[in-house]
$ cat entry-v4.cif   # mmCIF, C-alpha atoms
data_model
loop_
_atom_site.label_atom_id
_atom_site.label_comp_id
_atom_site.auth_asym_id
_atom_site.auth_seq_id
_atom_site.Cartn_x
_atom_site.Cartn_y
_atom_site.Cartn_z
CA MET A 801 95.33 124.83 65.23
CA ALA A 802 93.95 127.60 67.39
CA PRO A 803 94.14 126.81 71.09
CA SER A 804 90.91 125.14 72.13
CA LYS A 805 89.35 124.46 75.55
CA PRO A 806 90.76 121.29 77.13
CA ARG A 807 88.31 118.35 77.12
CA SER A 808 86.42 118.16 80.41
CA LYS A 809 85.61 114.44 80.31
CA SER A 810 88.18 111.69 79.76
CA ARG A 811 87.70 109.62 76.61
CA ASN A 812 88.54 106.50 78.62
CA PRO A 813 85.68 105.57 80.97
CA LEU A 814 86.70 104.04 84.30
CA LEU A 815 85.55 100.48 84.89
CA ILE A 816 87.03 100.45 88.37
CA PRO A 817 89.26 103.18 89.82
CA GLY A 818 92.63 102.54 88.18
CA ILE A 819 91.37 100.44 85.29
CA GLY A 820 90.14 102.12 82.12
CA LYS A 821 87.99 100.55 79.47
CA PHE A 822 90.39 101.06 76.58
CA SER A 823 93.99 99.90 76.08
CA ARG A 824 96.94 102.17 75.31
CA SER A 825 96.75 101.48 71.58
CA LYS A 826 93.00 102.05 71.49
CA MET A 827 93.43 105.35 73.35
CA TYR A 828 96.18 106.41 70.93
CA HIS A 829 93.72 105.93 68.15
CA LYS A 830 90.83 107.63 70.00
CA ARG A 831 92.93 110.71 70.80
CA GLY A 832 93.74 111.09 67.16
CA ILE A 833 97.52 111.21 67.58
CA TRP A 834 97.76 109.33 64.25
CA ALA A 835 95.89 112.20 62.54
CA LEU A 836 98.08 114.83 64.19
CA LYS A 837 101.19 112.96 63.09
CA ALA A 838 99.91 112.60 59.55
CA LYS A 839 99.13 116.32 59.48
CA HIS A 840 102.68 117.21 60.53
CA GLY A 841 104.53 114.82 58.24
CA GLY A 842 105.07 111.76 60.41
CA THR A 843 106.16 113.34 63.67
CA PHE A 844 104.29 114.76 66.60
CA PRO A 845 104.58 118.57 66.57
CA ARG A 846 107.03 119.96 69.08
CA HIS A 847 107.79 123.44 70.31
CA ASP A 848 111.38 124.51 70.72
CA PRO A 849 112.28 124.61 74.39
CA LYS A 850 111.95 128.08 75.91
CA PRO A 851 115.32 129.74 76.45
CA ALA A 852 116.18 129.06 80.04
CA ALA A 853 116.99 132.07 82.26
CA PRO A 854 120.81 132.40 82.47
CA GLU A 855 122.11 131.20 85.81
CA PRO A 856 123.55 134.04 87.86
CA ALA A 857 127.30 133.95 87.22
CA SER A 858 128.25 134.49 90.89
CA LYS A 859 126.49 131.60 92.64
CA LYS A 860 128.26 131.22 95.96
CA PRO A 861 128.25 127.82 97.62
CA PRO A 862 126.03 127.84 100.74
CA LYS A 863 127.71 128.75 104.04
CA PHE A 864 126.04 126.03 105.99
CA TYR A 865 125.16 122.42 105.19
CA PRO A 866 122.88 120.82 107.83
CA ALA A 867 124.30 117.59 109.32
CA ASP A 868 121.14 115.54 108.77
CA ASP A 869 118.75 115.80 105.93
CA VAL A 870 116.10 118.36 106.74
CA LYS A 871 112.64 117.37 105.58
CA THR A 872 110.85 120.16 103.75
CA PRO A 873 107.34 120.47 105.18
CA VAL A 874 104.50 119.72 102.75
CA PRO A 875 102.85 123.03 101.83
CA ASN A 876 99.42 123.45 103.40
CA ARG A 877 97.01 124.31 100.61
CA ARG A 878 93.93 123.96 102.81
CA LYS A 879 91.58 126.94 102.77
CA PRO A 880 88.93 126.53 105.47
CA LYS A 881 85.40 127.31 104.25
CA PRO A 882 82.98 129.32 106.38
CA ALA A 883 80.68 127.05 108.39
CA LYS A 884 77.58 125.98 106.51
CA LEU A 885 74.56 127.87 107.81
CA ARG A 886 71.78 125.68 109.20
CA ALA A 887 68.68 125.74 107.06
CA SER A 888 66.61 126.92 110.04
CA ILE A 889 68.68 130.11 110.37
CA THR A 890 67.60 132.79 107.90
CA PRO A 891 67.98 136.58 108.16
CA GLY A 892 65.47 137.79 110.74
CA THR A 893 65.28 134.53 112.72
CA VAL A 894 65.02 134.84 116.48
CA LEU A 895 67.89 132.88 118.04
CA ILE A 896 68.39 131.73 121.62
CA LEU A 897 71.97 132.17 122.83
CA LEU A 898 73.19 129.20 124.81
CA ALA A 899 76.54 130.34 126.11
CA GLY A 900 78.55 133.41 126.90
CA ARG A 901 77.71 136.70 128.53
CA PHE A 902 74.22 136.83 127.04
CA MET A 903 73.27 133.21 127.75
CA GLY A 904 69.55 132.66 127.49
CA LYS A 905 68.77 135.86 125.66
CA ARG A 906 66.62 135.88 122.57
CA VAL A 907 68.22 137.88 119.76
CA VAL A 908 67.66 138.65 116.10
CA PHE A 909 69.95 137.15 113.46
CA LEU A 910 71.11 139.59 110.78
CA LYS A 911 73.58 137.82 108.50
CA GLN A 912 76.44 135.37 108.33
CA LEU A 913 79.89 136.99 108.21
CA PRO A 914 82.68 135.74 105.93
CA SER A 915 84.35 134.00 108.88
CA GLY A 916 81.23 131.86 109.38
CA LEU A 917 80.12 133.59 112.58
CA LEU A 918 76.61 134.98 112.83
CA LEU A 919 75.99 138.71 113.17
CA ILE A 920 73.26 139.33 115.75
CA THR A 921 71.69 142.24 117.56
CA GLY A 922 69.36 142.36 120.63
CA PRO A 923 68.10 144.94 119.58
CA PHE A 924 70.13 146.80 122.22
CA THR A 925 67.28 148.79 123.75
CA VAL A 926 65.09 145.67 124.00
CA ASN A 927 67.44 143.27 125.77
CA GLY A 928 70.88 144.84 126.03
CA VAL A 929 72.58 142.69 123.42
CA PRO A 930 74.64 144.88 121.04
CA LEU A 931 75.78 144.10 117.51
CA ARG A 932 77.78 140.99 118.12
CA ARG A 933 79.24 137.91 116.53
CA VAL A 934 78.14 134.51 117.68
CA ASN A 935 79.02 130.97 116.70
CA GLN A 936 76.27 128.92 115.11
CA ALA A 937 77.00 126.00 117.41
CA TYR A 938 76.00 127.93 120.52
CA VAL A 939 72.61 128.95 119.26
CA ILE A 940 69.11 127.49 119.04
CA ALA A 941 67.14 128.73 116.05
CA THR A 942 63.45 129.31 116.76
CA SER A 943 60.86 129.37 114.03
CA THR A 944 59.92 132.99 114.83
CA LYS A 945 61.09 135.45 112.19
CA VAL A 946 61.33 139.24 112.31
CA ASP A 947 60.99 141.37 109.21
CA ILE A 948 64.53 142.53 108.47
CA SER A 949 64.01 144.17 105.09
CA GLY A 950 64.46 147.70 106.42
CA VAL A 951 67.91 146.99 107.87
CA ASN A 952 71.18 147.55 106.01
CA VAL A 953 73.96 145.29 107.26
CA ASP A 954 76.34 145.58 104.33
CA LYS A 955 78.99 147.53 106.19
CA PHE A 956 79.55 144.92 108.89
CA ASP A 957 82.24 142.29 108.48
CA ASP A 958 84.80 140.58 110.68
CA LYS A 959 87.24 143.50 110.55
CA TYR A 960 84.61 145.72 112.23
CA PHE A 961 84.77 143.48 115.30
CA ALA A 962 88.54 143.12 115.47
CA LYS A 963 90.05 144.06 118.84
CA ASP A 964 92.34 147.12 118.93
CA LYS A 965 95.96 146.09 119.37
CA LYS A 966 97.29 147.06 122.81
CA LYS A 967 100.34 149.29 122.66
CA ALA A 968 103.43 147.39 123.88
CA TYR A 969 104.34 149.27 127.09
CA LYS A 970 107.95 149.62 127.96
CA LYS A 971 108.86 147.65 131.04
CA SER A 972 110.44 150.45 133.00
CA GLU A 973 110.61 150.62 136.81
CA SER A 974 108.11 153.41 137.06
CA SER A 975 105.49 151.86 134.85
CA PHE A 976 105.78 148.60 136.77
CA PHE A 977 104.34 150.17 139.88
CA GLU A 978 101.82 152.38 138.12
CA THR A 979 98.47 150.78 137.52
CA GLU A 980 97.81 150.90 133.80
CA LYS A 981 94.50 152.66 133.37
CA GLN A 982 92.93 151.28 130.25
CA GLU A 983 90.42 153.77 128.97
CA LYS A 984 87.79 151.59 127.36
CA LYS A 985 85.23 153.95 125.92
CA LEU A 986 82.90 152.77 123.21
CA PRO A 987 83.48 154.94 120.13
CA GLN A 988 80.51 157.05 119.03
CA GLN A 989 80.69 155.41 115.59
CA LYS A 990 79.71 152.05 117.08
CA LYS A 991 76.84 153.60 118.98
CA ASP A 992 75.56 155.20 115.80
CA ASP A 993 75.85 151.93 113.92
CA GLN A 994 73.88 150.19 116.64
CA LYS A 995 71.14 152.80 116.40
CA ALA A 996 71.05 152.66 112.63
CA VAL A 997 70.51 148.91 112.70
CA ASP A 998 68.09 148.87 115.59
CA THR A 999 65.60 151.59 114.63
CA PRO A 1000 64.04 149.84 111.60
CA LEU A 1001 64.24 146.54 113.50
CA ILE A 1002 62.30 147.88 116.46
CA LYS A 1003 59.61 149.19 114.13
CA ALA A 1004 59.22 145.71 112.69
CA ILE A 1005 59.18 144.19 116.17
CA GLU A 1006 56.52 146.56 117.49
CA ALA A 1007 54.30 145.50 114.62
CA VAL A 1008 53.94 142.00 116.09
CA GLU A 1009 52.07 141.68 119.38
CA TYR A 1010 54.09 140.37 122.33
CA LEU A 1011 57.27 140.14 120.24
CA ARG A 1012 59.05 142.92 122.14
CA GLY A 1013 58.33 141.27 125.46
CA TYR A 1014 59.41 137.94 124.01
CA LEU A 1015 62.77 139.33 122.93
CA GLY A 1016 63.22 141.01 126.29
CA THR A 1017 62.70 137.78 128.22
CA LYS A 1018 65.33 135.13 128.76
CA PHE A 1019 64.76 131.52 127.80
CA THR A 1020 64.31 129.31 130.86
CA LEU A 1021 63.64 125.67 131.52
CA ARG A 1022 61.22 124.69 134.24
CA SER A 1023 60.80 121.48 136.15
CA GLY A 1024 59.26 118.90 133.88
CA THR A 1025 60.07 120.53 130.54
CA LYS A 1026 62.07 118.21 128.37
CA PRO A 1027 64.29 120.15 125.92
CA HIS A 1028 64.42 117.28 123.46
CA GLU A 1029 60.64 117.31 123.22
CA LEU A 1030 60.33 121.08 122.83
CA GLN A 1031 59.45 122.53 119.48
CA PHE A 1032 61.33 125.72 118.79
CA MET B 1394 32.91 96.86 139.78
CA PRO B 1395 31.88 94.96 136.60
CA PHE B 1396 33.45 95.79 133.25
CA LYS B 1397 31.65 98.32 131.09
CA ARG B 1398 33.72 98.34 127.87
CA TYR B 1399 33.82 94.99 126.11
CA VAL B 1400 35.84 93.73 123.19
CA GLU B 1401 33.20 93.23 120.55
CA ILE B 1402 32.83 93.75 116.86
CA GLY B 1403 32.32 97.44 116.35
CA ARG B 1404 34.15 98.57 119.51
CA VAL B 1405 36.23 101.68 118.84
CA ALA B 1406 39.68 101.53 120.44
CA LEU B 1407 42.77 103.71 120.66
CA VAL B 1408 46.13 102.23 119.71
CA ASN B 1409 48.54 102.93 122.56
CA TYR B 1410 51.75 101.31 121.33
CA GLY B 1411 53.57 100.73 118.10
CA LYS B 1412 53.60 102.22 114.64
CA GLU B 1413 49.92 103.19 114.74
CA TYR B 1414 50.26 104.93 118.11
CA GLY B 1415 47.42 107.39 118.78
CA ARG B 1416 45.10 106.16 116.04
CA LEU B 1417 41.43 105.41 116.55
CA VAL B 1418 40.53 101.98 115.16
CA VAL B 1419 37.49 99.74 115.07
CA ILE B 1420 37.61 96.07 116.08
CA VAL B 1421 36.16 94.20 113.13
CA ASP B 1422 36.96 90.64 114.19
CA VAL B 1423 38.59 88.66 116.97
CA ILE B 1424 41.38 86.37 115.83
CA ASP B 1425 42.15 84.51 119.03
CA GLN B 1426 42.56 85.10 122.74
CA ASN B 1427 45.20 87.81 122.22
CA ARG B 1428 44.63 89.41 118.86
CA ALA B 1429 41.97 91.29 117.03
CA LEU B 1430 41.49 92.29 113.42
CA VAL B 1431 41.33 96.04 113.37
CA ASP B 1432 40.40 98.59 110.72
CA ALA B 1433 40.17 102.34 110.25
CA PRO B 1434 39.09 104.49 107.30
CA ASP B 1435 42.65 105.54 106.40
CA MET B 1436 44.49 102.34 107.30
CA VAL B 1437 45.04 98.91 105.82
CA ARG B 1438 43.09 96.36 107.84
CA GLY B 1439 45.44 94.38 110.09
CA GLN B 1440 45.86 92.37 113.25
CA ILE B 1441 46.86 93.88 116.55
CA ASN B 1442 47.36 92.55 120.07
CA PHE B 1443 44.74 93.55 122.62
CA LYS B 1444 47.53 94.76 124.86
CA ARG B 1445 48.19 97.49 122.31
CA LEU B 1446 44.62 98.73 122.44
CA SER B 1447 42.77 100.94 124.89
CA LEU B 1448 39.01 100.44 124.57
CA THR B 1449 36.78 103.50 124.37
CA ASP B 1450 33.10 103.99 125.18
CA ILE B 1451 32.16 104.23 121.52
CA LYS B 1452 30.65 101.27 119.69
CA ILE B 1453 29.39 101.19 116.13
CA ASP B 1454 27.01 98.80 114.40
CA ILE B 1455 28.82 96.72 111.79
CA PRO B 1456 28.74 93.14 110.55
CA ARG B 1457 31.84 90.98 111.07
CA VAL B 1458 34.72 92.20 108.83
CA PRO B 1459 32.80 94.74 106.80
CA LYS B 1460 33.95 96.23 103.50
CA LYS B 1461 35.81 99.54 103.82
CA LYS B 1462 32.83 101.41 102.36
CA THR B 1463 30.44 99.86 104.89
CA LEU B 1464 32.81 100.63 107.71
CA ILE B 1465 33.14 104.28 106.72
CA GLN B 1466 29.37 104.60 106.35
CA ALA B 1467 28.76 103.04 109.76
CA MET B 1468 31.30 105.40 111.33
CA GLU B 1469 29.51 108.39 109.79
CA VAL B 1470 26.14 107.17 111.04
CA ALA B 1471 27.46 106.71 114.57
CA ASP B 1472 29.31 110.07 114.33
CA VAL B 1473 32.45 108.55 115.85
CA LYS B 1474 34.67 111.53 115.07
CA ASN B 1475 32.53 114.10 116.85
CA LYS B 1476 31.72 111.81 119.76
CA TRP B 1477 35.42 111.21 120.26
CA GLU B 1478 36.45 114.86 119.97
CA ASN B 1479 33.76 115.91 122.45
CA SER B 1480 34.53 113.22 124.99
CA SER B 1481 36.80 114.26 127.86
CA TRP B 1482 39.41 111.67 126.85
CA GLY B 1483 39.41 112.89 123.26
CA ARG B 1484 39.58 116.53 124.32
CA LYS B 1485 42.54 115.82 126.57
CA LEU B 1486 44.44 114.19 123.71
CA ILE B 1487 43.75 117.15 121.45
CA VAL B 1488 45.07 119.56 124.11
CA GLN B 1489 48.19 117.40 124.59
CA LYS B 1490 48.89 117.47 120.85
CA ARG B 1491 48.36 121.22 120.74
CA ARG B 1492 50.72 121.80 123.65
CA ALA B 1493 53.43 119.61 122.13
CA ALA B 1494 53.30 121.58 118.89
CA LEU B 1495 53.76 124.95 120.60
CA ASN B 1496 56.48 127.22 119.30
CA ASP B 1497 58.92 128.98 121.69
CA PHE B 1498 57.05 132.23 120.97
CA ASP B 1499 53.72 130.49 121.60
CA ARG B 1500 54.97 129.21 124.93
CA PHE B 1501 55.91 132.77 125.89
CA LYS B 1502 52.41 133.99 124.96
CA VAL B 1503 50.86 131.19 127.04
CA MET B 1504 53.01 132.20 130.01
CA VAL B 1505 51.95 135.84 129.68
CA ALA B 1506 48.29 134.81 129.44
CA LYS B 1507 48.56 132.60 132.53
CA ILE B 1508 50.12 135.44 134.52
CA LYS B 1509 47.39 137.86 133.42
CA ARG B 1510 44.69 135.38 134.33
CA GLY B 1511 46.23 134.66 137.72
CA ARG B 1512 46.53 138.36 138.45
CA ALA B 1513 42.90 139.02 137.51
CA ILE B 1514 41.73 136.15 139.72
CA ARG B 1515 43.75 137.31 142.71
CA GLN B 1516 42.58 140.89 142.30
CA LYS B 1517 38.94 139.81 142.24
CA LEU B 1518 39.50 137.52 145.21
CA GLY B 1519 41.16 140.34 147.15
CA ARG B 1520 38.28 142.64 146.37
CA LEU B 1521 35.73 140.06 147.51
CA LYS B 1522 37.66 139.41 150.72
CA ARG B 1523 37.75 143.11 151.54
CA GLU B 1524 34.04 143.47 150.88
CA ASN B 1525 33.14 140.52 153.07
CA ALA B 1526 35.55 141.33 155.89
CA VAL B 1527 33.80 144.64 156.62
#

$ encode --input "entry-v4.cif" --output "structure tokens"
Amino acid sequence: MAPSKPRSKSRNPLLIPGIGKFSRSKMYHKRGIWALKAKHGGTFPRHDPKPAAPEPASKKPPKFYPADDVKTPVPNRRKPKPAKLRASITPGTVLILLAGRFMGKRVVFLKQLPSGLLLITGPFTVNGVPLRRVNQAYVIATSTKVDISGVNVDKFDDKYFAKDKKKAYKKSESSFFETEKQEKKLPQQKKDDQKAVDTPLIKAIEAVEYLRGYLGTKFTLRSGTKPHELQF
Amino acid sequence: MPFKRYVEIGRVALVNYGKEYGRLVVIVDVIDQNRALVDAPDMVRGQINFKRLSLTDIKIDIPRVPKKKTLIQAMEVADVKNKWENSSWGRKLIVQKRRAALNDFDRFKVMVAKIKRGRAIRQKLGRLKRENAV
């Protein structure tokens, strides 16, 4: 018979995990093994075993046998999924950063990166926050949304934000006493990217009254305000 | 010194504790020393302890335990809704609810408005002071 798709559902419904409804003989009948056998003259069809690859003639005995049995570690097949995005965070949402260098600033959310981190921008000219990655856990999502349709964020991913590897300096006497001057200049490419993202955003922000001032102000708590009672 | 708001049939009260917190109800009967039978147009009639009620100034004219239709009619005639919303107590509650529902953006706008108002007041006051000092 032509190869067919394997059956997705078992023919033997589970009564309780570990106990099926039908016995071995009933299942033999249900699977139609009797029909297969009848079709092939009394025996179940078998393929000839594939010719095994010839063992390499010169197989040297190992040089070293460990004294105790070494346990082989169980292979880790776990692939971590990117963190599930909260329903309140959609592209264009204004977020409040709760930790880090820009604690308290209100920023615009652009998209979720494959690592699970959120890509945000101030915009830079409004509040000094550049294109940055931020963890969802350190963020409050407000219900204010900015129109983000004019912004193209396809080119940004986690590799864009990877740190440059520092060159391993040779530990010679002279370099020990020299102070390593790390030239940390922001490449023009990043500045251009920032501008490209921010210009359409700022147009959308200017369209709403008070929104630019809102994004420029930090979030503060005053005496008497109870965060758990605040609506964001 | 004497009391002005009495528990009587037709007295409108505000529930201040429990599942029905914040609801305006009408006392339609008194069960015993502690409890009243209470009803409202959008509620199933039920008993409630007097301690859970805050009496208001509003009283409507109803017979003891009226039918829902009669109750609603009597409330329309007495214009309970408008009287409540125009009273200072009612207005305060409405403002409280509005403030609690403010967005983060709304709170920012309120702050900006307060600053603008304060500035305008102080400017005017300064101007008046200068005029009157001379």

$ interface_residues --input "entry-v4.cif" --of "chain B" --to "chain A" --cutoff "12 Å" --atoms "only C-alpha atoms" --output "ChimeraX atom specification"
/B:1490-1506

$ atom_distance --input "entry-v4.cif" --atom1 "atom CA of Ile1455 of chain B" --atom2 "atom CA of Ile1402 of chain B"
7.1 Å

$ atom_distance --input "entry-v4.cif" --atom1 "atom CA of Ser825 of chain A" --atom2 "atom CA of Ala838 of chain A"
16.7 Å

$ resolve_selection --input "entry-v4.cif" --expression "the PyMOL selection byres ((chain B and resi 1449) around 6)" --output "list in words"
Val1405, Ala1406, Leu1448, Asp1450 and Ile1451 of chain B

$ residues_around --input "entry-v4.cif" --residues "Gly1483 of chain B" --least-positions-apart "3" --cutoff "12 Å" --atoms "all atoms listed in the file" --output "ChimeraX atom specification"
/B:1406-1407,1415-1417,1449-1451,1473-1480,1486-1490

$ closest_atom_pairs --input "entry-v4.cif" --of "segment 1451-1507 of chain B" --to "segment 1428-1442 of chain B" --cutoff "12 Å" --atoms "all atoms listed in the file" --output "tab-separated table"
residue	atom	partner	partner_atom	distance
B:Ile1455	CA	B:Asp1432	CA	11.8
B:Arg1457	CA	B:Leu1430	CA	10.0
B:Val1458	CA	B:Leu1430	CA	8.2
B:Pro1459	CA	B:Asp1432	CA	9.4
B:Lys1460	CA	B:Asp1432	CA	10.0
B:Lys1461	CA	B:Pro1434	CA	6.9
B:Lys1462	CA	B:Pro1434	CA	8.5
B:Thr1463	CA	B:Pro1434	CA	10.1
B:Leu1464	CA	B:Pro1434	CA	7.4
B:Ile1465	CA	B:Pro1434	CA	6.0
B:Gln1466	CA	B:Pro1434	CA	9.8
B:Ala1467	CA	B:Pro1434	CA	10.7
B:Met1468	CA	B:Pro1434	CA	8.8
B:Glu1469	CA	B:Pro1434	CA	10.6
B:Val1473	CA	B:Ala1433	CA	11.4
B:Lys1474	CA	B:Pro1434	CA	11.4

$ atom_distance --input "entry-v4.cif" --atom1 "atom CA of Lys1444 of chain B" --atom2 "atom CA of Lys1026 of chain A"
27.8 Å

$ resolve_selection --input "entry-v4.cif" --expression "the PyMOL selection byres ((chain B and resi 1420) around 6)" --output "PyMOL selection string"
chain B and resi 1402-1404+1419+1421-1422+1431

$ resolve_selection --input "entry-v4.cif" --expression "the PyMOL selection byres ((chain A and resi 939) around 6)" --output "list in words"
Ile896, Leu897, Leu898, Gln936, Ala937, Tyr938 and Ile940 of chain A
